[in-house]
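Everything below concerns the one structure shown next.
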Amino acid sequence: GAYGRYDTSTARVVDVAGLVAAENAQYGVNQGQAFGRIGIPIAMDDTAIEPFVSGSYTDASIDKFTESTGPVALENGGQTIDRTQSVAGFRSSVVFRDGDAIFTPNLTLGWVHNFDSTAPGVRLGFAGMDSNSFLVDGVATNTEAGLVQAGLDASIGSGISLGIGYEGQFGDREQDQGVHVNIKANY
């Protein structure tokens with residue numbers, strides 16, 4: 001699992017029909033996550049395949065806040081946003097040796113399923129009135145998405161290993177892609 005505390009400061013300017021106001025707020029967010037993964041590794045010489053299923057639950061609790069006291073100040077009475085997600089797929093890798101160096105290309109393919117609302121929203125209201133008057137939706141995510149991870153890890157001796165990888169999620173509402181590079185030295 002994991003836990004994080006975020007201290008947030010917001011600022012916005014409203015300019016509507018001659019009314020100009022600057023609003024700001026400070027509030028905290030507590031976020032916790034629980035996750036698990038079950039896999040069955042199947043090894044054959046230098047090749048490994050691991051079918052797996054994983055799940056995660058994330059809970060973000062937003063502290064109540066009120067923006068500064070202008071005529072369009074907003075408030076939130078405190079709120080919790082949560083998300084439950086699963087991934088089913090398989091990971092494969094092959095080991096190649098060249099002297100002391102070990103190269104391991106790997107590939108993961110999976111299916112991601114979100115069980116909750118795909119558009120997280122925050123309930124707001126005008127300060128001094130109902131703090132749940134309207135909903136501001138966040139960016140919508142996919143209910144279903146394909147997962148692709150591919151990489152190459154290299155142990156080049158003397159406790160040094162390098163890795164490069166790609167990860168992408170592809171769905172009907174959004175795509176998320178990234179590349180990472182790892183350098184690790186043991187001494």
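By order of appearance in the structure tokens: chains A, B, ..., then residues from 1 within every chain, and ligands from 1 in the order shown.
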
What's the 12 Å shell around A:Leu19, counting only C-alpha atoms, without same-chain residues fewer than 4 positions away, as a PDB file with C-alpha atoms, in the first residue's frame?
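Once written, part09.pdb looks like this:
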ATOM      1  CA  VAL A  13      -9.398  35.124 -11.522  1.00  0.00           C
ATOM      2  CA  VAL A  14     -13.063  35.610 -12.410  1.00  0.00           C
ATOM      3  CA  ASP A  15     -13.932  38.238 -15.031  1.00  0.00           C
ATOM      4  CA  GLY A  70     -15.032  37.652  -2.771  1.00  0.00           C
ATOM      5  CA  PRO A  71     -18.524  37.598  -4.312  1.00  0.00           C
ATOM      6  CA  VAL A  72     -17.758  34.473  -6.373  1.00  0.00           C
TER       7      VAL A  72
END

Which residues of stretch 13-114 of chain A have any atom within 12 Å of an atom in stretch 166-172 of chain A when counting only C-alpha atoms, and what is the closest pair of atoms for each, with the distance in Å to one decimal? Order the rows by chain and rising number and write it as JSON lines.
{"residue": "A:Val87", "atom": "CA", "partner": "A:Gln169", "partner_atom": "CA", "distance": 11.3}
{"residue": "A:Pro105", "atom": "CA", "partner": "A:Tyr166", "partner_atom": "CA", "distance": 11.6}
{"residue": "A:Asn106", "atom": "CA", "partner": "A:Tyr166", "partner_atom": "CA", "distance": 10.4}
{"residue": "A:Leu107", "atom": "CA", "partner": "A:Tyr166", "partner_atom": "CA", "distance": 9.6}
{"residue": "A:Thr108", "atom": "CA", "partner": "A:Glu167", "partner_atom": "CA", "distance": 9.1}
{"residue": "A:Leu109", "atom": "CA", "partner": "A:Gly168", "partner_atom": "CA", "distance": 9.9}
{"residue": "A:Gly110", "atom": "CA", "partner": "A:Gln169", "partner_atom": "CA", "distance": 9.2}
{"residue": "A:Trp111", "atom": "CA", "partner": "A:Gln169", "partner_atom": "CA", "distance": 9.0}
{"residue": "A:Val112", "atom": "CA", "partner": "A:Gln169", "partner_atom": "CA", "distance": 8.3}
{"residue": "A:His113", "atom": "CA", "partner": "A:Gly171", "partner_atom": "CA", "distance": 10.4}
{"residue": "A:Asn114", "atom": "CA", "partner": "A:Gly171", "partner_atom": "CA", "distance": 11.5}

Go ahead and write the residues just picked, all heavy atoms, as a JSON list (two decimals), in the first residue's frame.
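Result saved to result-v1.json:
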[["chain", "number", "residue", "atom", "x", "y", "z"],
["A", 87, "VAL", "N", -6.22, -5.26, -13.44],
["A", 87, "VAL", "CA", -5.45, -5.54, -14.66],
["A", 87, "VAL", "C", -5.30, -7.05, -14.77],
["A", 87, "VAL", "O", -4.93, -7.71, -13.79],
["A", 87, "VAL", "CB", -4.05, -4.88, -14.64],
["A", 87, "VAL", "CG1", -3.28, -5.20, -15.92],
["A", 87, "VAL", "CG2", -4.15, -3.38, -14.43],
["A", 105, "PRO", "N", 15.18, -8.72, -22.57],
["A", 105, "PRO", "CA", 14.02, -8.02, -23.13],
["A", 105, "PRO", "C", 12.74, -8.56, -22.46],
["A", 105, "PRO", "O", 12.67, -9.73, -22.11],
["A", 105, "PRO", "CB", 14.06, -8.35, -24.62],
["A", 105, "PRO", "CG", 14.92, -9.56, -24.73],
["A", 105, "PRO", "CD", 15.80, -9.61, -23.53],
["A", 106, "ASN", "N", 11.76, -7.67, -22.27],
["A", 106, "ASN", "CA", 10.52, -8.12, -21.64],
["A", 106, "ASN", "C", 9.33, -7.44, -22.30],
["A", 106, "ASN", "O", 9.44, -6.37, -22.89],
["A", 106, "ASN", "CB", 10.55, -7.83, -20.14],
["A", 106, "ASN", "CG", 10.77, -6.38, -19.84],
["A", 106, "ASN", "OD1", 9.88, -5.56, -20.02],
["A", 106, "ASN", "ND2", 11.97, -6.03, -19.39],
["A", 107, "LEU", "N", 8.18, -8.09, -22.20],
["A", 107, "LEU", "CA", 6.94, -7.60, -22.78],
["A", 107, "LEU", "C", 5.79, -7.94, -21.84],
["A", 107, "LEU", "O", 5.71, -9.07, -21.35],
["A", 107, "LEU", "CB", 6.69, -8.24, -24.16],
["A", 107, "LEU", "CG", 5.35, -7.93, -24.82],
["A", 107, "LEU", "CD1", 5.28, -6.46, -25.22],
["A", 107, "LEU", "CD2", 5.14, -8.84, -26.01],
["A", 108, "THR", "N", 4.93, -6.96, -21.59],
["A", 108, "THR", "CA", 3.71, -7.18, -20.81],
["A", 108, "THR", "C", 2.53, -6.69, -21.63],
["A", 108, "THR", "O", 2.57, -5.58, -22.17],
["A", 108, "THR", "CB", 3.75, -6.42, -19.47],
["A", 108, "THR", "OG1", 4.87, -6.87, -18.71],
["A", 108, "THR", "CG2", 2.48, -6.63, -18.67],
["A", 109, "LEU", "N", 1.52, -7.53, -21.74],
["A", 109, "LEU", "CA", 0.27, -7.16, -22.38],
["A", 109, "LEU", "C", -0.85, -7.39, -21.38],
["A", 109, "LEU", "O", -0.85, -8.41, -20.68],
["A", 109, "LEU", "CB", 0.02, -8.00, -23.64],
["A", 109, "LEU", "CG", 1.06, -7.86, -24.76],
["A", 109, "LEU", "CD1", 0.75, -8.85, -25.88],
["A", 109, "LEU", "CD2", 1.10, -6.44, -25.29],
["A", 110, "GLY", "N", -1.78, -6.44, -21.29],
["A", 110, "GLY", "CA", -2.85, -6.59, -20.31],
["A", 110, "GLY", "C", -4.11, -5.83, -20.68],
["A", 110, "GLY", "O", -4.13, -5.04, -21.63],
["A", 111, "TRP", "N", -5.14, -6.09, -19.91],
["A", 111, "TRP", "CA", -6.44, -5.43, -20.05],
["A", 111, "TRP", "C", -6.72, -4.73, -18.73],
["A", 111, "TRP", "O", -6.69, -5.36, -17.67],
["A", 111, "TRP", "CB", -7.51, -6.47, -20.38],
["A", 111, "TRP", "CG", -8.91, -5.97, -20.25],
["A", 111, "TRP", "CD1", -9.52, -4.98, -20.98],
["A", 111, "TRP", "CD2", -9.90, -6.46, -19.35],
["A", 111, "TRP", "NE1", -10.81, -4.82, -20.57],
["A", 111, "TRP", "CE2", -11.07, -5.72, -19.57],
["A", 111, "TRP", "CE3", -9.90, -7.44, -18.37],
["A", 111, "TRP", "CZ2", -12.23, -5.94, -18.85],
["A", 111, "TRP", "CZ3", -11.06, -7.66, -17.65],
["A", 111, "TRP", "CH2", -12.21, -6.92, -17.90],
["A", 112, "VAL", "N", -6.97, -3.42, -18.77],
["A", 112, "VAL", "CA", -7.24, -2.61, -17.60],
["A", 112, "VAL", "C", -8.74, -2.34, -17.52],
["A", 112, "VAL", "O", -9.36, -1.96, -18.52],
["A", 112, "VAL", "CB", -6.48, -1.26, -17.67],
["A", 112, "VAL", "CG1", -6.78, -0.42, -16.44],
["A", 112, "VAL", "CG2", -5.00, -1.50, -17.84],
["A", 113, "HIS", "N", -9.31, -2.55, -16.33],
["A", 113, "HIS", "CA", -10.75, -2.27, -16.13],
["A", 113, "HIS", "C", -10.91, -1.37, -14.92],
["A", 113, "HIS", "O", -10.40, -1.66, -13.84],
["A", 113, "HIS", "CB", -11.52, -3.57, -15.91],
["A", 113, "HIS", "CG", -12.97, -3.34, -15.59],
["A", 113, "HIS", "ND1", -13.87, -2.96, -16.53],
["A", 113, "HIS", "CD2", -13.63, -3.40, -14.41],
["A", 113, "HIS", "CE1", -15.06, -2.82, -15.95],
["A", 113, "HIS", "NE2", -14.94, -3.07, -14.66],
["A", 114, "ASN", "N", -11.61, -0.23, -15.10],
["A", 114, "ASN", "CA", -11.96, 0.67, -14.00],
["A", 114, "ASN", "C", -13.39, 0.37, -13.57],
["A", 114, "ASN", "O", -14.31, 0.38, -14.40],
["A", 114, "ASN", "CB", -11.83, 2.13, -14.43],
["A", 114, "ASN", "CG", -10.40, 2.57, -14.48],
["A", 114, "ASN", "OD1", -9.70, 2.51, -13.50],
["A", 114, "ASN", "ND2", -9.95, 3.00, -15.65]]

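For the residues A:Ala150, A:Val122, A:Val136, A:Phe115, ranking by smallest atom-to-atom distance to A:Ser93 using only C-alpha atoms places A:Ala150 first.
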
DSSP on the backbone, then: every residue of stretch 7-165 of chain A marked strand (DSSP E or B), written as a ChimeraX atom specification. /A:7-16,19-39,42-44,47-62,65-66,74-76,79-94,96-98,101-114,121-126,134-137,144-155,160-165

What's around A:Gly128 at 10 Å? Count only C-alpha atoms, leave out sequence neighbours fewer than 6 positions away in its own chain, and write the answer as a list in words. Thr66, Thr69, Ala73, Leu74 and Glu75 of chain A

Preceding selection exported with C-alpha atoms as an mmCIF file, in the first residue's frame:
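And here is the file that came out, result_0.cif:
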data_model
loop_
_atom_site.group_PDB
_atom_site.id
_atom_site.type_symbol
_atom_site.label_atom_id
_atom_site.label_comp_id
_atom_site.auth_asym_id
_atom_site.auth_seq_id
_atom_site.Cartn_x
_atom_site.Cartn_y
_atom_site.Cartn_z
ATOM 1 C CA THR A 66 -13.490 28.093 1.371
ATOM 2 C CA THR A 69 -14.227 36.221 0.668
ATOM 3 C CA ALA A 73 -15.820 32.548 -3.701
ATOM 4 C CA LEU A 74 -16.389 28.795 -3.827
ATOM 5 C CA GLU A 75 -16.359 26.239 -1.045
#

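Here atom CA of A:Ser9 is placed at a distance of 12.2 Å from atom CA of A:Asp63.
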
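Taking atom CA of A:Arg173 and atom CA of A:Gly28 as endpoints, the distance between them is 29.3 Å.
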
Got a sec: who's within 9 Å of A:Gly125, counting only C-alpha atoms, leaving out chain neighbours fewer than 2 positions off, as number ranges by chain? A: 73-77, 123, 127-135

Excluding same-chain residues fewer than 5 positions from A:Gly32, what lies within 12 Å of it counting only C-alpha atoms, as a PyMOL selection string? chain A and resi 1-6+56-62+80-83

Can you spit out the residues from that selection as a PDB file, in the first residue's frame, using C-alpha atoms?
ATOM      1  CA  GLY A   1       0.000   0.000   0.000  1.00  0.00           C
ATOM      2  CA  ALA A   2       0.885   3.649  -0.081  1.00  0.00           C
ATOM      3  CA  TYR A   3      -0.122   6.897   1.615  1.00  0.00           C
ATOM      4  CA  GLY A   4       0.443  10.521   0.695  1.00  0.00           C
ATOM      5  CA  ARG A   5      -0.556  13.925   2.044  1.00  0.00           C
ATOM      6  CA  TYR A   6      -0.762  16.846  -0.359  1.00  0.00           C
ATOM      7  CA  SER A  56      -5.877  -1.575  -6.682  1.00  0.00           C
ATOM      8  CA  TYR A  57      -8.087   0.709  -4.630  1.00  0.00           C
ATOM      9  CA  THR A  58      -7.281   4.410  -4.293  1.00  0.00           C
ATOM     10  CA  ASP A  59      -9.022   6.805  -1.913  1.00  0.00           C
ATOM     11  CA  ALA A  60      -8.449  10.577  -1.943  1.00  0.00           C
ATOM     12  CA  SER A  61     -10.049  12.606   0.862  1.00  0.00           C
ATOM     13  CA  ILE A  62     -10.206  16.341   0.166  1.00  0.00           C
ATOM     14  CA  THR A  80     -13.836  11.596  -0.901  1.00  0.00           C
ATOM     15  CA  ILE A  81     -13.028  10.362  -4.402  1.00  0.00           C
ATOM     16  CA  ASP A  82     -12.172   6.702  -4.857  1.00  0.00           C
ATOM     17  CA  ARG A  83     -11.269   4.378  -7.694  1.00  0.00           C
TER      18      ARG A  83
END

Residue nearest A:Asn30 among A:Ala11, A:Asp45, A:Gln79, A:Phe52 (counting only C-alpha atoms): A:Gln79

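When only C-alpha atoms are used to compute distances to A:Ile42, the closest of the residues A:Gln149, A:Lys64, A:Ser92, A:Ala185 turns out to be A:Ser92.
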
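Those residues that approach A:Tyr187 to within 12 Å, counting only C-alpha atoms, are Gly157, Ser158, Gly159, Ile160, Ser161, Lys184 and Ala185 of chain A; same-chain residues fewer than 2 positions away are not listed.
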
For the selection just defined, write its residues with N, CA and C atoms to a file, as a PDB file, in the first residue's frame.
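Contents of out32.pdb, as written:
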ATOM      1  N   GLY A 157      27.708  -6.120 -15.493  1.00  0.00           N
ATOM      2  CA  GLY A 157      28.811  -6.499 -14.620  1.00  0.00           C
ATOM      3  C   GLY A 157      29.169  -5.416 -13.629  1.00  0.00           C
ATOM      4  N   SER A 158      29.958  -5.781 -12.621  1.00  0.00           N
ATOM      5  CA  SER A 158      30.424  -4.868 -11.577  1.00  0.00           C
ATOM      6  C   SER A 158      29.265  -4.168 -10.859  1.00  0.00           C
ATOM      7  N   GLY A 159      28.114  -4.830 -10.776  1.00  0.00           N
ATOM      8  CA  GLY A 159      26.979  -4.271 -10.047  1.00  0.00           C
ATOM      9  C   GLY A 159      26.238  -3.162 -10.763  1.00  0.00           C
ATOM     10  N   ILE A 160      26.462  -2.978 -12.044  1.00  0.00           N
ATOM     11  CA  ILE A 160      25.784  -1.918 -12.798  1.00  0.00           C
ATOM     12  C   ILE A 160      24.734  -2.537 -13.709  1.00  0.00           C
ATOM     13  N   SER A 161      23.520  -1.991 -13.635  1.00  0.00           N
ATOM     14  CA  SER A 161      22.465  -2.432 -14.543  1.00  0.00           C
ATOM     15  C   SER A 161      21.767  -1.215 -15.142  1.00  0.00           C
ATOM     16  N   LYS A 184      21.244   1.648 -12.340  1.00  0.00           N
ATOM     17  CA  LYS A 184      21.388   1.173 -10.971  1.00  0.00           C
ATOM     18  C   LYS A 184      22.824   0.696 -10.759  1.00  0.00           C
ATOM     19  N   ALA A 185      23.410   1.153  -9.659  1.00  0.00           N
ATOM     20  CA  ALA A 185      24.774   0.744  -9.324  1.00  0.00           C
ATOM     21  C   ALA A 185      24.792   0.193  -7.913  1.00  0.00           C
TER      22      ALA A 185
END

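If only C-alpha atoms are the atoms counted, then among A:Leu147, A:Gly89, A:Gln31, A:Ile156 the closest residue to A:Gly178 is A:Leu147.
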
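Among the candidates A:Ala119, A:Ile49, A:Ala88, A:Val94, the one nearest to A:Val148 when counting only C-alpha atoms is A:Ala88.
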
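Counting only C-alpha atoms, the residue from A:Ser68, A:Ile40, A:Val53, A:Ala48 that sits nearest to A:Ala22 is A:Ser68.
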
For A:Val95, find every residue with an atom within 6 Å (counting only C-alpha atoms), except residues of its own chain fewer than 2 positions away, and show them as number ranges by chain. A: 46, 103-104
